[in-house]
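J.: Next up, work32.txt (compact mmCIF, C-alpha atoms).
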# COMPACT_ATOMS: atom_id res chain seq x y z
CA MET A 1 88.29 1.75 40.74
CA GLY A 2 88.90 1.71 37.02
CA MET A 3 89.45 4.02 34.11
CA VAL A 4 87.03 6.73 33.06
CA ARG A 5 86.27 5.52 29.55
CA ASP A 6 85.71 2.04 28.29
CA GLN A 7 87.72 0.53 25.48
CA PRO A 8 85.62 -0.73 22.58
CA PHE A 9 83.99 -4.09 23.32
CA ASP A 10 81.97 -6.35 21.07
CA ARG A 11 78.92 -5.87 23.28
CA VAL A 12 77.84 -4.44 26.60
CA VAL A 13 75.45 -6.43 28.79
CA ALA A 14 73.87 -4.53 31.69
CA ILE A 15 71.80 -6.16 34.43
CA GLY A 16 69.61 -4.21 36.84
CA ASP A 17 69.07 -4.46 40.60
CA LEU A 18 69.39 -8.11 41.66
CA ASN A 19 67.72 -8.18 45.08
CA GLY A 20 69.62 -11.33 46.03
CA ALA A 21 68.41 -13.25 42.95
CA TYR A 22 71.46 -15.38 42.21
CA ASP A 23 69.48 -17.91 40.17
CA VAL A 24 68.08 -15.16 37.95
CA LEU A 25 71.55 -13.69 37.45
CA ARG A 26 72.96 -17.07 36.49
CA ASP A 27 70.09 -17.80 34.09
CA ILE A 28 70.69 -14.51 32.26
CA LEU A 29 74.46 -15.02 32.08
CA LEU A 30 74.05 -18.56 30.75
CA ALA A 31 71.46 -17.60 28.15
CA MET A 32 73.53 -14.64 26.94
CA ASP A 33 76.70 -16.78 26.63
CA ILE A 34 78.57 -14.89 29.33
CA ILE A 35 79.27 -18.00 31.43
CA ASP A 36 79.16 -21.76 30.94
CA GLN A 37 77.53 -24.34 33.21
CA GLN A 38 80.60 -24.28 35.47
CA ASN A 39 80.28 -20.48 35.90
CA ARG A 40 83.39 -19.86 33.81
CA TRP A 41 83.67 -16.72 31.68
CA ILE A 42 82.97 -17.39 28.01
CA GLY A 43 81.84 -13.87 27.15
CA GLY A 44 84.93 -13.04 25.13
CA ARG A 45 85.19 -9.31 24.46
CA ALA A 46 82.02 -8.39 26.33
CA HIS A 47 81.64 -5.83 29.08
CA LEU A 48 79.22 -7.04 31.76
CA ILE A 49 77.83 -4.31 34.02
CA GLN A 50 75.66 -4.90 37.08
CA ILE A 51 73.95 -1.71 38.23
CA GLY A 52 74.09 -2.30 42.02
CA ASP A 53 71.68 -3.44 44.76
CA VAL A 54 72.87 -7.03 44.81
CA PHE A 55 71.81 -7.20 48.46
CA ASN A 56 68.46 -7.35 50.30
CA ARG A 57 64.96 -8.63 49.64
CA GLY A 58 66.27 -11.99 48.38
CA GLY A 59 68.35 -14.75 49.88
CA ARG A 60 71.42 -15.24 47.68
CA ALA A 61 73.25 -11.94 47.48
CA ARG A 62 76.35 -13.62 48.87
CA ASP A 63 76.49 -16.11 45.97
CA ALA A 64 75.71 -13.42 43.38
CA LEU A 65 78.45 -11.08 44.57
CA ARG A 66 80.99 -13.89 44.72
CA LEU A 67 80.13 -14.98 41.18
CA LEU A 68 80.37 -11.44 39.80
CA ASP A 69 83.68 -10.84 41.55
CA ALA A 70 85.11 -14.11 40.23
CA LEU A 71 84.08 -13.12 36.70
CA ARG A 72 85.63 -9.67 37.23
CA ARG A 73 88.98 -11.33 37.87
CA LYS A 74 88.73 -13.82 34.99
CA ALA A 75 87.18 -11.78 32.16
CA PRO A 76 90.26 -9.65 31.24
CA ALA A 77 92.23 -12.74 30.23
CA ASP A 78 89.65 -13.27 27.46
CA GLY A 79 89.45 -9.61 26.47
CA GLY A 80 86.34 -8.89 28.54
CA ARG A 81 85.46 -6.80 31.54
CA VAL A 82 83.05 -6.98 34.48
CA THR A 83 81.95 -3.91 36.43
CA VAL A 84 79.70 -4.15 39.48
CA LEU A 85 78.48 -0.73 40.60
CA LEU A 86 77.78 0.33 44.15
CA GLY A 87 74.10 0.50 45.10
CA ASN A 88 72.47 2.14 48.09
CA HIS A 89 71.55 -1.28 49.54
CA GLU A 90 75.22 -2.32 49.60
CA VAL A 91 76.08 0.78 51.64
CA MET A 92 73.09 0.29 53.93
CA THR A 93 73.75 -3.37 54.66
CA VAL A 94 77.50 -2.96 55.15
CA LEU A 95 76.90 -0.09 57.59
CA GLY A 96 74.30 -1.73 59.81
CA ASN A 97 71.04 -0.62 58.17
CA GLU A 98 69.44 -4.03 57.75
CA ALA A 99 65.92 -2.71 57.24
CA TYR A 100 65.51 -4.69 54.01
CA CYS A 101 67.35 -7.87 55.01
CA THR A 102 65.33 -11.08 55.04
CA THR A 103 65.58 -14.26 57.06
CA GLU A 104 66.81 -16.01 53.89
CA GLU A 105 69.59 -13.47 53.49
CA TYR A 106 70.78 -14.00 57.07
CA LEU A 107 70.47 -17.77 56.69
CA SER A 108 72.79 -17.73 53.68
CA PHE A 109 75.60 -16.81 56.09
CA ALA A 110 74.70 -19.48 58.68
CA SER A 111 76.49 -22.80 59.01
CA HIS A 112 75.16 -25.93 57.33
CA ARG A 113 74.05 -27.31 60.69
CA GLN A 114 72.25 -24.09 61.60
CA ARG A 115 70.36 -24.10 58.30
CA ARG A 116 69.46 -27.77 58.73
CA LEU A 117 68.01 -27.21 62.21
CA TRP A 118 66.23 -23.96 61.36
CA PRO A 119 62.90 -25.45 60.11
CA LYS A 120 62.47 -27.43 63.34
CA ARG A 121 63.22 -24.33 65.42
CA VAL A 122 60.59 -22.38 63.47
CA GLU A 123 58.03 -25.15 63.91
CA ARG A 124 58.66 -25.27 67.67
CA ALA A 125 58.45 -21.47 67.93
CA MET A 126 55.16 -21.49 66.03
CA ARG A 127 53.62 -23.92 68.51
CA GLU A 128 54.85 -21.88 71.46
CA LEU A 129 53.55 -18.63 70.01
CA TYR A 130 50.16 -20.22 69.31
CA HIS A 131 49.77 -21.17 72.95
CA ASP A 132 51.13 -17.83 74.22
CA HIS A 133 47.90 -16.01 75.05
CA PRO A 134 45.94 -14.89 78.13
CA PRO A 135 43.74 -17.56 79.75
CA ASP A 136 40.59 -15.97 78.35
CA GLY A 137 42.10 -15.02 74.97
CA PRO A 138 42.30 -13.56 72.47
CA ILE A 139 44.83 -15.52 70.41
CA LEU A 140 46.63 -12.83 68.39
CA PRO A 141 47.51 -13.31 64.70
CA LEU A 142 50.25 -15.89 64.45
CA GLU A 143 52.01 -14.92 61.23
CA PRO A 144 53.32 -11.45 62.21
CA ARG A 145 54.46 -12.76 65.60
CA LEU A 146 56.26 -15.64 63.92
CA GLU A 147 57.96 -13.32 61.42
CA GLU A 148 59.17 -11.13 64.27
CA TRP A 149 60.52 -14.19 66.07
CA LYS A 150 62.35 -15.30 62.92
CA ILE A 151 64.12 -11.95 62.46
CA LEU A 152 65.17 -11.88 66.11
CA ASN A 153 66.39 -15.49 66.18
CA VAL A 154 67.58 -16.39 62.69
CA PRO A 155 71.17 -17.67 62.61
CA GLY A 156 73.72 -16.01 60.35
CA ARG A 157 73.32 -12.39 61.41
CA THR A 158 76.66 -12.21 63.20
CA ALA A 159 78.40 -14.08 60.39
CA MET A 160 76.91 -11.70 57.80
CA ARG A 161 78.09 -8.64 59.68
CA ARG A 162 81.55 -10.13 60.03
CA ALA A 163 81.71 -10.97 56.29
CA LEU A 164 80.65 -7.40 55.42
CA SER A 165 83.09 -5.69 57.78
CA SER A 166 86.06 -3.79 56.41
CA HIS A 167 88.19 -6.92 57.00
CA GLY A 168 85.62 -9.43 55.71
CA GLU A 169 85.66 -11.05 52.28
CA LEU A 170 82.47 -9.42 50.99
CA GLY A 171 83.10 -6.17 52.83
CA ARG A 172 86.36 -5.69 50.95
CA ILE A 173 84.59 -6.36 47.64
CA VAL A 174 81.81 -3.86 48.37
CA ARG A 175 84.24 -1.14 49.47
CA ARG A 176 86.02 -1.15 46.13
CA LEU A 177 82.90 -1.00 43.93
CA PRO A 178 82.80 2.11 41.71
CA ILE A 179 79.97 4.62 41.61
CA ALA A 180 79.83 4.95 37.83
CA VAL A 181 81.36 3.75 34.58
CA ILE A 182 81.18 4.83 30.94
CA ALA A 183 80.64 2.25 28.20
CA ALA A 184 79.16 2.36 24.67
CA ASP A 185 78.58 6.13 24.91
CA CYS A 186 76.45 5.65 28.05
CA VAL A 187 77.15 6.45 31.69
CA PHE A 188 76.01 3.71 34.05
CA CYS A 189 75.20 4.52 37.67
CA HIS A 190 72.86 3.10 40.28
CA ALA A 191 70.68 6.24 40.34
CA ALA A 192 70.58 9.29 38.10
CA ILE A 193 73.54 11.68 38.28
CA THR A 194 72.59 15.34 38.66
CA PRO A 195 74.85 18.10 37.27
CA VAL A 196 76.24 19.00 40.68
CA TRP A 197 77.65 15.48 40.92
CA ALA A 198 78.45 15.12 37.22
CA ARG A 199 80.88 18.01 37.49
CA LEU A 200 83.21 15.68 39.39
CA GLY A 201 83.56 13.45 36.35
CA ILE A 202 83.60 9.66 36.59
CA ASP A 203 87.01 9.51 38.22
CA GLY A 204 85.96 12.17 40.71
CA LEU A 205 82.79 10.29 41.66
CA ASN A 206 84.72 7.09 42.22
CA ARG A 207 87.40 8.86 44.23
CA ALA A 208 84.69 10.46 46.37
CA ALA A 209 83.47 6.95 47.23
CA GLU A 210 87.02 5.86 48.06
CA ARG A 211 87.41 8.82 50.43
CA ALA A 212 84.07 8.05 52.06
CA TRP A 213 85.18 4.47 52.79
CA ARG A 214 88.60 5.63 54.04
CA SER A 215 86.84 7.68 56.71
CA SER A 216 85.86 4.29 58.23
CA PRO A 217 82.12 4.91 58.74
CA ARG A 218 80.58 2.58 61.30
CA PHE A 219 76.82 3.16 61.03
CA PHE A 220 74.71 4.24 58.08
CA GLU A 221 72.80 6.95 59.95
CA ASP A 222 76.06 8.60 60.97
CA LEU A 223 77.10 9.24 57.36
CA PRO A 224 77.26 12.90 56.23
CA HIS A 225 73.81 13.64 54.89
CA ASP A 226 75.26 15.64 52.00
CA GLY A 227 77.89 13.01 51.17
CA ILE A 228 78.00 10.69 48.21
CA PHE A 229 76.57 7.71 50.12
CA TYR A 230 73.61 9.47 51.73
CA ALA A 231 72.63 12.59 49.78
CA LYS A 232 69.00 12.38 48.69
CA GLN A 233 69.87 13.73 45.24
CA GLY A 234 73.17 11.84 45.10
CA PRO A 235 74.13 9.11 42.61
CA LEU A 236 72.89 6.30 44.88
CA TRP A 237 69.48 7.76 45.70
CA ASN A 238 68.17 10.31 43.18
CA ARG A 239 64.77 9.43 41.67
CA GLN A 240 63.63 12.85 40.44
CA ILE A 241 65.16 12.60 36.96
CA THR A 242 63.72 9.09 36.63
CA LEU A 243 60.20 9.81 37.81
CA ARG A 244 59.63 13.37 36.60
CA ASP A 245 59.66 14.70 33.06
CA ASN A 246 59.57 18.47 33.19
CA ALA A 247 61.76 21.38 32.12
CA ARG A 248 63.92 21.15 35.24
CA THR A 249 64.64 17.40 35.08
CA ARG A 250 65.21 17.55 31.31
CA GLN A 251 67.71 20.34 31.83
CA GLN A 252 69.42 18.39 34.61
CA LEU A 253 69.82 15.35 32.39
CA ASP A 254 71.04 17.47 29.46
CA ARG A 255 73.69 19.13 31.62
CA SER A 256 74.88 15.87 33.17
CA LEU A 257 75.21 14.12 29.81
CA LEU A 258 77.06 17.12 28.39
CA ARG A 259 79.46 17.24 31.32
CA LEU A 260 80.18 13.52 31.04
CA GLN A 261 80.32 13.61 27.21
CA VAL A 262 77.91 10.72 26.67
CA GLU A 263 74.64 10.21 24.83
CA ARG A 264 72.68 8.35 27.50
CA MET A 265 72.44 7.54 31.19
CA VAL A 266 71.58 4.00 32.34
CA VAL A 267 70.21 3.64 35.88
CA GLY A 268 68.54 1.21 38.27
CA HIS A 269 67.18 2.01 41.76
CA THR A 270 63.57 2.61 40.66
CA GLN A 271 61.53 -0.35 39.44
CA THR A 272 60.29 0.21 35.92
CA GLU A 273 56.72 -0.68 36.89
CA ASN A 274 56.81 2.53 38.99
CA VAL A 275 58.23 4.66 36.18
CA PRO A 276 55.60 6.62 34.23
CA GLY A 277 54.83 4.56 31.15
CA GLY A 278 56.93 1.64 32.40
CA GLU A 279 55.98 -2.00 32.81
CA LYS A 280 57.01 -4.75 35.20
CA GLY A 281 59.86 -6.78 33.73
CA ARG A 282 60.50 -4.31 30.87
CA ILE A 283 63.22 -1.72 30.38
CA ALA A 284 61.81 1.83 30.40
CA LEU A 285 63.02 4.80 28.35
CA ARG A 286 62.64 8.38 29.57
CA HIS A 287 63.54 11.83 28.29
CA GLN A 288 63.57 11.01 24.57
CA GLU A 289 65.49 7.74 25.04
CA ARG A 290 68.33 9.46 26.88
CA LEU A 291 67.56 7.89 30.27
CA VAL A 292 67.43 4.09 30.30
CA CYS A 293 65.86 2.48 33.38
CA ILE A 294 66.84 -1.17 33.90
CA ASP A 295 65.59 -2.05 37.39
CA VAL A 296 62.96 -4.45 36.03
CA GLY A 297 62.26 -6.12 39.38
CA LEU A 298 64.60 -9.11 39.19
CA GLY A 299 63.96 -11.47 42.08
CA ARG A 300 61.04 -9.51 43.50
CA GLU A 301 58.45 -12.14 42.60
CA VAL A 302 58.22 -15.77 41.51
CA PRO A 303 58.47 -16.26 38.62
CA SER A 304 60.94 -13.44 38.16
CA PRO A 305 61.55 -11.67 34.85
CA ARG A 306 64.79 -12.39 33.00
CA THR A 307 65.59 -9.09 31.31
CA ALA A 308 68.85 -7.34 30.48
CA LEU A 309 70.14 -4.43 28.41
CA LEU A 310 72.29 -5.39 25.43
CA ILE A 311 74.27 -2.80 23.47
CA GLU A 312 75.97 -3.93 20.29
CA GLY A 313 76.36 -2.76 16.73
CA GLY A 314 75.36 0.78 17.67
CA ARG A 315 71.97 -0.36 18.97
CA GLY A 316 70.45 -0.66 22.40
CA LEU A 317 68.32 -3.77 22.84
CA GLU A 318 66.10 -5.17 25.55
CA TRP A 319 67.04 -8.84 25.88
CA THR A 320 64.71 -11.50 27.25
CA PRO A 321 64.78 -15.29 26.75
CA SER A 322 62.05 -14.91 24.13
CA GLY A 323 63.98 -12.41 22.00
CA THR A 324 65.13 -8.81 21.73
CA ARG A 325 63.43 -5.44 21.32
CA VAL A 326 65.19 -2.44 19.78
CA LEU A 327 65.37 0.46 22.24
CA TRP A 328 67.52 2.90 20.27
CA GLN A 329 69.83 3.25 17.32
CA ASN A 330 72.98 5.21 18.09
CA HIS A 331 73.43 8.58 16.48
CA ARG A 332 75.45 11.68 17.15
CA THR A 333 72.73 14.28 16.69
CA SER A 334 70.81 16.05 19.37
CA PRO A 335 67.41 14.43 19.91
CA ARG A 336 65.92 17.90 20.28
CA SER A 337 67.28 19.78 17.27
CA GLY A 338 68.71 17.18 14.90
CA ARG A 339 71.96 19.17 14.92
CA PRO A 340 75.26 17.66 16.08
CA ARG A 341 75.43 17.71 19.85
CA PRO A 342 78.22 19.99 21.13
CA ARG A 343 81.06 18.23 22.84
CA ALA A 344 81.83 19.47 26.32
CA ARG A 345 85.27 19.85 27.74
CA ARG A 346 86.13 16.86 29.86
CA ALA A 347 84.97 17.41 33.43
CA LYS A 348 87.80 17.69 35.88
CA ALA A 349 87.78 15.45 38.90
CA SER A 350 87.32 17.63 41.95
CA ALA A 351 89.21 16.97 45.14
CA GLY A 352 86.05 17.34 47.17
CA GLU A 353 82.36 16.51 47.02
CA PRO A 354 79.57 18.87 46.07
CA GLY A 355 77.26 20.13 48.75
CA GLN A 356 73.57 19.27 48.52
Could you render the structure from this file as structure tokens?
T.:
Amino acid sequence: MGMVRDQPFDRVVAIGDLNGAYDVLRDILLAMDIIDQQNRWIGGRAHLIQIGDVFNRGGRARDALRLLDALRRKAPADGGRVTVLLGNHEVMTVLGNEAYCTTEEYLSFASHRQRRLWPKRVERAMRELYHDHPPDGPILPLEPRLEEWKILNVPGRTAMRRALSSHGELGRIVRRLPIAVIAADCVFCHAAITPVWARLGIDGLNRAAERAWRSSPRFFEDLPHDGIFYAKQGPLWNRQITLRDNARTRQQLDRSLLRLQVERMVVGHTQTENVPGGEKGRIALRHQERLVCIDVGLGREVPSPRTALLIEGGRGLEWTPSGTRVLWQNHRTSPRSGRPRPRARRAKASAGEPGQ
């Protein structure tokens, strides 16, 4: 699943939760000179990081994951690197929790013929549902009944489940995604890492995910509730450090950063419009710029924001097509005292997982 620490790169580009927004992903990669029009890597010595949650809510997760995996294989030849992190929605969808799947997402796995015939099937179902009422009425609202019919009848569900199985193309990709990576003096993870998980170190976190997959879980709700894939305060789900700014969460972040020997933590999972002081489409900073929240809501609405985190030249920048905004300037002093931050001993990778 990769080495603990990143080699120096010319720049780090981090993209938040995608929600199936392949077109948004491609627009950002093109504009930031990561790919060309043929989707070939031209990023040179860049490290591209996607923070997880490629799946659900949108319709083109399949294309997005395939593109990112192709770039992962090609980038090293040009001195670059691509890391796609595991998100909670990958685990959910792979293990049969399709609560956030959409008809468009299922359809992306259907055959060409099935997709071509789908609009006519929906139109016929709409007429039938309209006339499906008692002789004396009432005629119940059509839209929710039609949406229910779509979910129960949309083609592609079986094909999606097969593709995401342990033997399927996308299932194999998902099962090798790491939990966390360190780059540019930041730790990147889908959700915030608490000290009890940080004590495993990056290698330990990633090995914990490998062990969880090797146990061959079949259904999401059967996962151990204190395990790395399900734990409420685990690295795929924790929101407390993101949403709360009090003595306890500040101490948790301090301890995690010290254990992992980094200056900042970069997370997704919680849309920045829901973060105190955050805005839709904008990167949010918390805890004196030490927590960087990059789930800006890509693909949630039309038009969607095009926003990414760019780290280069010792600075953290918010990138958008209209320009950049400085988020931080790297330094090695404690943001609280102005004194040099003590360096912790490297955390040892534990053989097990912490209890929650």
J.: Each side padded by 6 Å, which centre and which edge lengths in Å (one decimal) define the axis-aligned box around the listed atoms of region 312-322 of chain A? Give them as AutoDock Vina command-line options.
T.:
--center_x 69.2 --center_y -7.3 --center_z 22.0 --size_x 26.3 --size_y 28.1 --size_z 22.5
J.: Return as CSV the residues of region 33-130 of chain A lying at most 12 Å from region 263-271 of chain A, together with the closest atom-to-atom pair for each and the distance in Å to one decimal, counting all atoms listed in the file, with rows in chain order and ascending residue number.
T.:
residue,atom,partner,partner_atom,distance
A:Ile49,CA,A:Val266,CA,10.5
A:Gln50,CA,A:Gly268,CA,9.5
A:Ile51,CA,A:Gly268,CA,6.1
A:Gly52,CA,A:Gly268,CA,7.6
A:Asp53,CA,A:His269,CA,7.7
A:Val54,CA,A:His269,CA,11.1
A:Leu85,CA,A:Gly268,CA,10.4
A:Leu86,CA,A:Gly268,CA,11.0
A:Gly87,CA,A:His269,CA,7.8
A:Asn88,CA,A:His269,CA,8.3
A:His89,CA,A:His269,CA,9.5
J.: Enter the distance from CA of Leu67 (chain A) to CA of Asn39 (chain A), in Å, rounded to one decimal.
T.: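 Atom-to-atom, CA of Leu67 (chain A) and CA of Asn39 (chain A) are spaced 7.6 Å apart.
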J.: Residues near region 72-80 of chain A, anyone? I mean within 12 Å using only C-alpha atoms, not counting same-chain ones fewer than 4 positions away, as a VMD selection string.
T.: chain A and resid 2 6 to 13 34 to 35 39 to 50 65 to 68 84 to 85 173 177
J.: From the list A:Ser165, A:Leu170, A:Ala21, A:Met32, which residue is nearest Pro217 (chain A) when using all atoms listed in the file?
T.: A:Ser165
J.: For the interface of region 155-226 of chain A with region 95-103 of chain A (cut-off 6 Å, counting only C-alpha atoms), please tabulate each contacting residue of region 155-226 of chain A alongside its nearest pair of atoms and their separation in Å to one decimal, rows sorted by chain and increasing number, as a tab-separated table.
T.:
residue	atom	partner	partner_atom	distance
A:Arg218	CA	A:Leu95	CA	5.9
A:Phe219	CA	A:Leu95	CA	4.7
A:Phe220	CA	A:Leu95	CA	4.9
J.: What is the CA of Thr242 (chain A)-CA of Phe188 (chain A) distance in Å, reported with one decimal?
T.: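 About the pair CA of Thr242 (chain A) and CA of Phe188 (chain A): they are 13.7 Å apart.
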J.: At what distance in Å, to one decimal, does CA of Arg286 (chain A) lie from CA of Leu257 (chain A)?
T.: 13.8 Å
J.: Hey, which of A:Leu298, A:Val82, A:Ile283, A:Ala247 ends up closest to Thr324 (chain A)? Count only C-alpha atoms.
T.: A:Ile283
J.: Ranking A:Arg250, A:Arg60, A:Arg259, A:Arg124 by minimum distance to Leu107 (chain A) and counting all atoms listed in the file, which one comes first?
T.: A:Arg60
J.: Residues at most 8 Å from region 147-159 of chain A, counting only C-alpha atoms, excluding those fewer than 3 positions away in the same chain, as a PyMOL selection string?
T.: chain A and resi 102-103+106-111+114-115+118+122+125+143-144+162-163
J.: Show me, as a VMD selection string, the residues that have an atom within 12 Å of Leu140 (chain A) when counting all atoms listed in the file, minus same-chain residues fewer than 5 positions from it.
T.: chain A and resid 129 to 134 145 to 146
J.: Which one of A:Gly299, A:Gly316, A:Pro305, A:Pro178 sits closest to Arg57 (chain A) if you count only C-alpha atoms?
T.: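 Ranked by minimum distance to Arg57 (chain A), first place goes to A:Gly299.
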J.: Of the residues A:Ile15, A:Leu291, A:Ala61, A:Leu223, which is the one nearest to Ala308 (chain A), using only C-alpha atoms?
T.: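 Among the listed residues, the smallest separation from Ala308 (chain A) belongs to A:Ile15.
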